[in-house]
file work10.txt (compact mmCIF, C-alpha atoms and all ligand atoms)
# COMPACT_ATOMS: atom_id res chain seq x y z
CA MET A 1 -78.19 44.47 161.31
CA SER A 2 -77.29 43.49 157.74
CA ASN A 3 -73.83 42.30 156.73
CA ILE A 4 -71.50 44.66 155.02
CA ALA A 5 -71.38 44.01 151.26
CA ASP A 6 -68.06 44.01 149.38
CA ARG A 7 -68.96 47.23 147.62
CA GLU A 8 -69.59 49.12 150.87
CA TYR A 9 -66.56 47.55 152.54
CA ASP A 10 -64.36 48.71 149.65
CA PHE A 11 -65.85 52.19 149.88
CA ILE A 12 -65.13 52.38 153.65
CA CYS A 13 -61.59 51.03 153.17
CA LYS A 14 -60.87 53.63 150.49
CA LEU A 15 -62.26 56.48 152.58
CA VAL A 16 -60.37 55.41 155.72
CA TYR A 17 -57.18 55.03 153.68
CA GLU A 18 -57.55 58.44 152.03
CA HIS A 19 -58.05 60.14 155.35
CA SER A 20 -55.72 58.26 157.68
CA ARG A 21 -53.60 55.93 155.49
CA ILE A 22 -54.87 53.09 157.68
CA ASN A 23 -54.78 50.12 155.35
CA LEU A 24 -57.67 47.84 156.34
CA GLY A 25 -57.36 45.24 153.57
CA ASP A 26 -59.53 42.15 153.20
CA GLY A 27 -58.71 40.63 156.57
CA LYS A 28 -60.46 43.34 158.62
CA LYS A 29 -64.00 42.92 157.35
CA GLU A 30 -65.25 41.32 160.56
CA LEU A 31 -63.61 43.95 162.72
CA VAL A 32 -65.07 46.75 160.61
CA THR A 33 -68.52 45.16 160.68
CA ALA A 34 -68.44 44.89 164.47
CA ARG A 35 -67.07 48.37 165.09
CA LEU A 36 -69.29 50.15 162.58
CA GLY A 37 -72.30 48.17 163.76
CA LYS A 38 -72.16 50.14 167.02
CA ARG A 39 -71.92 53.40 165.11
CA LEU A 40 -74.94 52.52 162.98
CA ARG A 41 -76.97 51.81 166.10
CA VAL A 42 -75.98 55.17 167.65
CA LEU A 43 -77.05 56.99 164.48
CA ASP A 44 -80.11 54.79 164.03
CA ILE A 45 -79.05 53.97 160.47
CA PRO A 46 -80.41 50.56 159.41
CA THR A 47 -77.85 49.34 156.85
CA TYR A 48 -74.21 49.77 155.89
CA LYS A 49 -75.36 50.97 152.49
CA ASP A 50 -77.34 53.78 154.17
CA TYR A 51 -74.25 54.59 156.24
CA CYS A 52 -72.09 54.85 153.09
CA ASP A 53 -74.73 57.13 151.52
CA PHE A 54 -74.69 59.25 154.68
CA LEU A 55 -70.91 59.56 154.47
CA GLN A 56 -71.35 61.15 151.05
CA THR A 57 -73.72 63.87 152.26
CA PRO A 58 -72.45 67.24 153.61
CA LYS A 59 -72.76 65.87 157.16
CA GLY A 60 -70.57 62.95 156.13
CA GLU A 61 -67.41 64.97 156.61
CA GLU A 62 -68.11 65.32 160.31
CA GLU A 63 -68.96 61.63 160.49
CA LEU A 64 -65.55 60.76 159.04
CA THR A 65 -63.93 61.56 162.41
CA HIS A 66 -66.29 59.10 164.14
CA LEU A 67 -65.63 56.52 161.45
CA ILE A 68 -61.85 56.75 162.03
CA ASP A 69 -62.43 56.73 165.79
CA SER A 70 -64.39 53.48 165.50
CA ILE A 71 -61.86 51.81 163.23
CA SER A 72 -58.53 52.78 164.76
CA THR A 73 -57.20 50.46 167.40
CA ASN A 74 -56.35 52.26 170.59
CA HIS A 75 -54.82 49.40 172.51
CA THR A 76 -52.08 50.65 174.86
CA PHE A 77 -50.85 50.30 178.44
CA PHE A 78 -48.64 51.99 181.02
CA PHE A 79 -44.87 51.62 180.54
CA ARG A 80 -45.48 49.53 177.40
CA GLU A 81 -42.22 48.20 175.94
CA PHE A 82 -40.36 48.97 179.14
CA LYS A 83 -36.96 48.89 177.43
CA HIS A 84 -37.79 52.28 175.92
CA PHE A 85 -38.32 53.74 179.39
CA GLU A 86 -35.04 52.23 180.60
CA PHE A 87 -33.24 53.71 177.60
CA LEU A 88 -34.87 57.07 178.31
CA GLN A 89 -33.62 57.05 181.94
CA GLN A 90 -30.19 55.56 181.28
CA THR A 91 -29.17 57.13 177.97
CA VAL A 92 -31.42 59.84 176.53
CA LEU A 93 -31.87 61.94 179.67
CA PRO A 94 -28.26 61.82 180.90
CA HIS A 95 -27.17 62.78 177.36
CA PHE A 96 -29.48 65.75 176.83
CA ALA A 97 -30.02 66.77 180.43
CA PRO A 98 -26.91 65.90 182.44
CA LYS A 99 -27.44 66.35 186.17
CA THR A 100 -24.28 68.49 186.28
CA GLN A 101 -25.90 71.16 184.10
CA SER A 102 -28.00 73.63 186.06
CA GLN A 103 -30.48 74.61 183.35
CA GLY A 104 -31.83 73.71 179.95
CA SER A 105 -34.90 72.32 178.24
CA PHE A 106 -36.02 68.90 177.11
CA LYS A 107 -38.87 68.32 174.67
CA VAL A 108 -40.72 65.08 174.00
CA TRP A 109 -43.56 64.20 171.62
CA SER A 110 -45.85 61.20 172.04
CA ALA A 111 -47.13 61.07 168.47
CA ALA A 112 -49.97 58.53 168.74
CA SER A 113 -50.85 58.92 172.37
CA SER A 114 -54.13 56.98 172.43
CA SER A 115 -55.91 57.00 175.83
CA GLY A 116 -52.96 58.54 177.67
CA GLU A 117 -51.04 55.61 179.13
CA GLU A 118 -47.98 56.37 176.98
CA PRO A 119 -47.73 60.14 177.61
CA TYR A 120 -48.43 59.72 181.34
CA SER A 121 -45.71 57.04 181.56
CA ILE A 122 -43.34 59.51 179.89
CA ALA A 123 -44.48 62.36 182.15
CA ILE A 124 -43.87 60.20 185.24
CA SER A 125 -40.35 59.33 184.00
CA LEU A 126 -39.55 62.99 183.29
CA SER A 127 -41.06 64.24 186.50
CA ASP A 128 -38.96 61.77 188.52
CA TYR A 129 -35.77 62.60 186.63
CA PHE A 130 -36.15 66.39 186.79
CA ALA A 131 -37.48 66.47 190.37
CA ALA A 132 -34.30 67.97 191.81
CA MET A 133 -33.35 70.00 188.70
CA SER A 134 -35.41 73.17 189.11
CA GLY A 135 -33.50 75.08 186.39
CA TRP A 136 -34.72 72.62 183.77
CA LYS A 137 -37.92 72.95 181.77
CA TRP A 138 -39.43 69.86 180.18
CA THR A 139 -42.40 69.77 177.85
CA LEU A 140 -44.48 66.91 176.55
CA ASP A 141 -46.78 67.06 173.51
CA ALA A 142 -49.26 64.23 173.07
CA THR A 143 -51.23 63.93 169.84
CA ASP A 144 -53.66 61.50 168.26
CA ILE A 145 -56.01 61.40 165.29
CA SER A 146 -58.94 60.31 167.45
CA THR A 147 -60.71 63.16 169.23
CA LYS A 148 -62.66 60.70 171.36
CA ILE A 149 -59.55 59.00 172.68
CA LEU A 150 -57.83 62.34 173.30
CA ALA A 151 -60.76 63.49 175.45
CA LYS A 152 -60.42 60.29 177.47
CA ALA A 153 -56.67 60.78 177.79
CA LYS A 154 -57.11 64.32 179.09
CA GLU A 155 -59.42 63.08 181.85
CA GLY A 156 -56.65 60.80 183.08
CA ILE A 157 -59.03 58.29 184.69
CA PHE A 158 -58.11 54.60 184.53
CA ALA A 159 -59.78 51.48 185.87
CA GLU A 160 -57.78 49.55 188.47
CA ASP A 161 -56.84 46.77 186.03
CA ARG A 162 -55.31 49.37 183.65
CA VAL A 163 -52.81 50.50 186.29
CA LYS A 164 -51.90 47.10 187.71
CA GLU A 165 -48.42 47.24 186.10
CA VAL A 166 -47.68 50.63 187.66
CA PRO A 167 -45.44 50.27 190.74
CA GLN A 168 -47.26 51.01 194.03
CA GLU A 169 -44.98 53.91 194.89
CA THR A 170 -45.61 55.56 191.49
CA LEU A 171 -49.35 55.05 191.96
CA ARG A 172 -49.25 56.78 195.34
CA LYS A 173 -47.15 59.64 194.01
CA TYR A 174 -48.94 60.41 190.75
CA PHE A 175 -52.51 59.05 191.06
CA GLN A 176 -55.52 59.62 193.28
CA LYS A 177 -57.63 56.64 194.24
CA GLY A 178 -61.29 57.11 193.32
CA THR A 179 -64.05 57.00 195.89
CA GLY A 180 -67.85 56.82 195.64
CA LYS A 181 -68.86 56.48 192.01
CA TRP A 182 -65.14 56.43 191.10
CA ASP A 183 -64.42 53.50 193.39
CA GLY A 184 -62.09 51.08 191.55
CA CYS A 185 -60.56 53.86 189.43
CA PHE A 186 -57.36 55.86 189.61
CA LYS A 187 -57.04 59.45 188.39
CA VAL A 188 -53.75 61.01 187.38
CA LYS A 189 -53.07 63.98 189.64
CA GLU A 190 -53.90 67.36 188.12
CA ASP A 191 -50.36 68.73 188.26
CA LEU A 192 -49.13 65.84 186.08
CA ILE A 193 -52.09 66.12 183.67
CA SER A 194 -51.35 69.82 183.26
CA ARG A 195 -47.79 69.00 182.15
CA VAL A 196 -49.07 67.16 179.06
CA LYS A 197 -50.28 69.17 176.08
CA PHE A 198 -52.89 67.06 174.28
CA THR A 199 -53.66 68.10 170.68
CA HIS A 200 -55.57 66.55 167.82
CA LEU A 201 -53.18 65.72 164.99
CA ASN A 202 -53.29 63.47 161.96
CA LEU A 203 -49.71 62.28 161.43
CA LEU A 204 -50.44 62.14 157.72
CA GLY A 205 -52.03 65.57 157.59
CA PRO A 206 -50.44 68.59 155.92
CA ALA A 207 -48.15 70.48 158.31
CA TYR A 208 -47.21 69.76 161.91
CA PRO A 209 -47.84 72.69 164.24
CA PHE A 210 -44.57 72.61 166.20
CA THR A 211 -42.17 75.51 166.14
CA GLU A 212 -39.33 73.82 168.05
CA LYS A 213 -37.65 70.47 167.53
CA PHE A 214 -37.79 67.52 169.92
CA GLN A 215 -35.04 65.58 171.63
CA LEU A 216 -37.26 62.50 171.66
CA ILE A 217 -40.29 61.27 169.72
CA PHE A 218 -42.35 58.22 170.63
CA CYS A 219 -44.24 57.05 167.53
CA ARG A 220 -45.17 53.54 168.56
CA ASN A 221 -47.66 51.00 167.32
CA VAL A 222 -49.25 53.24 164.74
CA MET A 223 -47.02 52.87 161.69
CA ILE A 224 -48.03 49.25 161.52
CA TYR A 225 -51.30 50.39 159.93
CA PHE A 226 -49.60 52.30 157.14
CA ASP A 227 -48.18 51.03 153.87
CA ARG A 228 -44.46 51.28 153.17
CA PRO A 229 -44.41 54.55 151.16
CA THR A 230 -46.48 56.19 153.91
CA GLN A 231 -44.15 54.83 156.61
CA GLU A 232 -41.13 56.18 154.71
CA GLN A 233 -42.68 59.58 154.35
CA LEU A 234 -43.72 59.63 158.02
CA VAL A 235 -40.26 58.67 159.32
CA ARG A 236 -38.73 61.41 157.19
CA ARG A 237 -41.18 63.96 158.59
CA LEU A 238 -40.58 62.80 162.17
CA SER A 239 -36.87 63.00 161.62
CA ASP A 240 -37.28 66.63 160.48
CA CYS A 241 -38.88 67.30 163.87
CA LEU A 242 -35.86 65.97 165.80
CA VAL A 243 -32.81 67.90 166.90
CA SER A 244 -29.52 66.48 165.72
CA GLY A 245 -28.76 63.53 168.03
CA GLY A 246 -32.47 63.24 168.89
CA TYR A 247 -34.11 59.82 169.24
CA LEU A 248 -37.13 58.16 167.65
CA PHE A 249 -38.80 55.21 169.41
CA VAL A 250 -41.07 53.00 167.30
CA GLY A 251 -43.06 49.93 168.35
CA HIS A 252 -41.02 46.73 168.67
CA SER A 253 -43.07 45.12 165.90
CA GLU A 254 -42.44 48.08 163.59
CA SER A 255 -38.78 47.79 162.66
CA LEU A 256 -37.75 50.28 159.99
CA THR A 257 -35.81 47.54 158.19
CA GLY A 258 -36.51 47.71 154.50
CA ILE A 259 -37.65 51.30 154.48
CA LYS A 260 -35.47 54.21 153.45
CA HIS A 261 -34.81 56.63 156.30
CA PRO A 262 -32.13 59.06 157.41
CA LEU A 263 -31.74 57.69 160.97
CA LYS A 264 -29.08 55.56 162.64
CA THR A 265 -30.22 52.28 164.24
CA ILE A 266 -29.19 52.22 167.90
CA LYS A 267 -31.13 49.23 169.26
CA PRO A 268 -34.26 47.39 168.15
CA ALA A 269 -37.00 50.05 167.78
CA ILE A 270 -34.62 52.88 168.79
CA TYR A 271 -33.26 55.26 166.13
CA GLN A 272 -31.16 58.41 166.31
CA LYS A 273 -30.86 61.41 164.02
CA PRO A 274 -27.20 61.80 163.01
C1 LIG B 1 -52.35 51.08 169.12
S1 LIG B 1 -52.47 52.77 169.61
C2 LIG B 1 -50.79 53.06 170.15
C3 LIG B 1 -50.74 53.86 171.43
C4 LIG B 1 -49.33 54.05 172.01
N1 LIG B 1 -48.49 54.77 171.09
C5 LIG B 1 -48.72 52.73 172.38
O1 LIG B 1 -47.77 52.29 171.71
O2 LIG B 1 -49.16 52.12 173.36
C6 LIG B 1 -52.49 53.56 168.01
C7 LIG B 1 -52.99 55.00 168.05
O3 LIG B 1 -52.67 55.62 166.81
C8 LIG B 1 -53.71 56.53 166.50
N2 LIG B 1 -53.64 56.82 165.06
C9 LIG B 1 -54.00 56.03 164.02
N3 LIG B 1 -53.80 56.67 162.85
C10 LIG B 1 -53.26 57.88 163.16
C11 LIG B 1 -52.84 59.00 162.38
N4 LIG B 1 -52.92 59.00 161.06
N5 LIG B 1 -52.38 60.09 163.04
C12 LIG B 1 -52.30 60.11 164.40
N6 LIG B 1 -52.68 59.09 165.18
C13 LIG B 1 -53.17 57.99 164.57
C14 LIG B 1 -54.97 55.79 166.92
O4 LIG B 1 -56.05 56.67 167.12
C15 LIG B 1 -54.50 55.11 168.21
O5 LIG B 1 -54.81 55.88 169.35

call {"tool": "encode", "arguments": {"input": "work10.txt", "output": "structure tokens"}}
result
Amino acid sequence: MSNIADREYDFICKLVYEHSRINLGDGKKELVTARLGKRLRVLDIPTYKDYCDFLQTPKGEEELTHLIDSISTNHTFFFREFKHFEFLQQTVLPHFAPKTQSQGSFKVWSAASSSGEEPYSIAISLSDYFAAMSGWKWTLDATDISTKILAKAKEGIFAEDRVKEVPQETLRKYFQKGTGKWDGCFKVKEDLISRVKFTHLNLLGPAYPFTEKFQLIFCRNVMIYFDRPTQEQLVRRLSDCLVSGGYLFVGHSESLTGIKHPLKTIKPAIYQKP
């Protein structure tokens, strides 16, 4: 496989940026070469130049989704940044869904849900909290730009080493242990999977499809790829999707310091709509 020339790398960077606002920059050439190399082999395309030509044909539009899939980093894990889950249990839920209130609704959005670890961690937290509150309805939307990763998330199957941080009791309650060809895997139980609504969504796309506002949005470890004007615009749009008093969780390495936004800082990586 040939190396990627500057011209083709610049073309790919521009295309990825236009579609997803993921800013690859010079430092990602090796990563792009490795990830696209696999894609070239699947398509049986010999060079990166041929691949760039292909992207400019009518079929190229369809290929764009695969290109973004290959480039975007999907790294995630269960109960990542545990402080968010503590804050959810100790502050957000008691505030919006006090146990003294017999009915109501609580809506959460996991806005870059990757392979499912984040939305399932949220679903487990909500399921535990609302277990004895039958008058309450909770909903969880999970969205991602990558169709491939969404399909994986919907399956809810995880290798043993992916669930090693999940407490044993939670594993027993919400997962089935695989047998036969699934030996060494854990599958999220169907009734929990069915509580998560997985949808393809580009956070930088035109309009969001939601008709109701959320009490809580997780938008973690995705903004890091975007430049500052894009981050500002995204935080404003997310804030429009929150009820008054609603919370936004961002990744701990994605502080909103230095960007203009309408939210109140509550703790590191936790913001609230006034
Ligand atoms: C590093 S993962 C973060 C997963 C999870 N939120 C977490 O913190 O563990 C980043 C995810 O953002 C998704 N992503 C990247 N650009 C996006 C965009 N423009 N719209 C929606 N999702 C995007 C990627 O496909 C990937 O699954």

call {"tool": "residues_around", "arguments": {"input": "work10.txt", "residues": "A:Leu234", "least_positions_apart": "5", "cutoff": "9 Å", "atoms": "only C-alpha atoms", "output": "list in words"}}
result
Leu203, Leu204, Met223, Pro229 and Ser239 of chain A

call {"tool": "atom_distance", "arguments": {"input": "work10.txt", "atom1": "atom CA of A:Thr100", "atom2": "atom CA of A:Gly135"}}
result
11.3 Å

call {"tool": "closest_residue", "arguments": {"input": "work10.txt", "among": "A:Arg7, A:His84, A:His261, A:Arg39", "to": "ligand LIG 1 (chain B)", "atoms": "only C-alpha atoms and all ligand atoms"}}
result
A:His84

call {"tool": "axis_aligned_box", "arguments": {"input": "work10.txt", "around": "ligand LIG 1 (chain B)", "padding_each_side": "5 Å", "output": "lines of an AutoDock Vina configuration file"}}
result
center_x = -51.9
center_y = 55.6
center_z = 167.2
size_x = 18.3
size_y = 19.0
size_z = 22.3

call {"tool": "residues_near_ligand", "arguments": {"input": "work10.txt", "ligand": "ligand LIG 1 (chain B)", "cutoff": "9 Å", "atoms": "all atoms listed in the file", "output": "ChimeraX atom specification"}}
result
/A:19-22,68-69,71-81,110-119,143-150,200-205,218-226,250-251

call {"tool": "closest_residue", "arguments": {"input": "work10.txt", "among": "A:Ser244, A:Asp191, A:Leu126, A:Ser253", "to": "A:Gln272", "atoms": "only C-alpha atoms"}}
result
A:Ser244

call {"tool": "closest_residue", "arguments": {"input": "work10.txt", "among": "A:Thr230, A:Thr179, A:Thr33, A:Ser121", "to": "A:Tyr9", "atoms": "all atoms listed in the file"}}
result
A:Thr33

call {"tool": "residues_around", "arguments": {"input": "work10.txt", "residues": "A:Arg236", "least_positions_apart": "4", "cutoff": "10 Å", "atoms": "only C-alpha atoms", "output": "ChimeraX atom specification"}}
result
/A:230-232,240-241,260-263

call {"tool": "write_last_selection", "arguments": {"input": "work10.txt", "atoms": "C-alpha atoms", "output": "mmCIF file, keeping the file's coordinate frame"}}
result
data_model
loop_
_atom_site.group_PDB
_atom_site.id
_atom_site.type_symbol
_atom_site.label_atom_id
_atom_site.label_comp_id
_atom_site.auth_asym_id
_atom_site.auth_seq_id
_atom_site.Cartn_x
_atom_site.Cartn_y
_atom_site.Cartn_z
ATOM 1 C CA THR A 230 -46.480 56.190 153.910
ATOM 2 C CA GLN A 231 -44.150 54.830 156.610
ATOM 3 C CA GLU A 232 -41.130 56.180 154.710
ATOM 4 C CA ASP A 240 -37.280 66.630 160.480
ATOM 5 C CA CYS A 241 -38.880 67.300 163.870
ATOM 6 C CA LYS A 260 -35.470 54.210 153.450
ATOM 7 C CA HIS A 261 -34.810 56.630 156.300
ATOM 8 C CA PRO A 262 -32.130 59.060 157.410
ATOM 9 C CA LEU A 263 -31.740 57.690 160.970
#

call {"tool": "closest_residue", "arguments": {"input": "work10.txt", "among": "A:Cys52, A:Leu171, A:Leu67, A:Ile193", "to": "A:Ala123", "atoms": "all atoms listed in the file"}}
result
A:Ile193
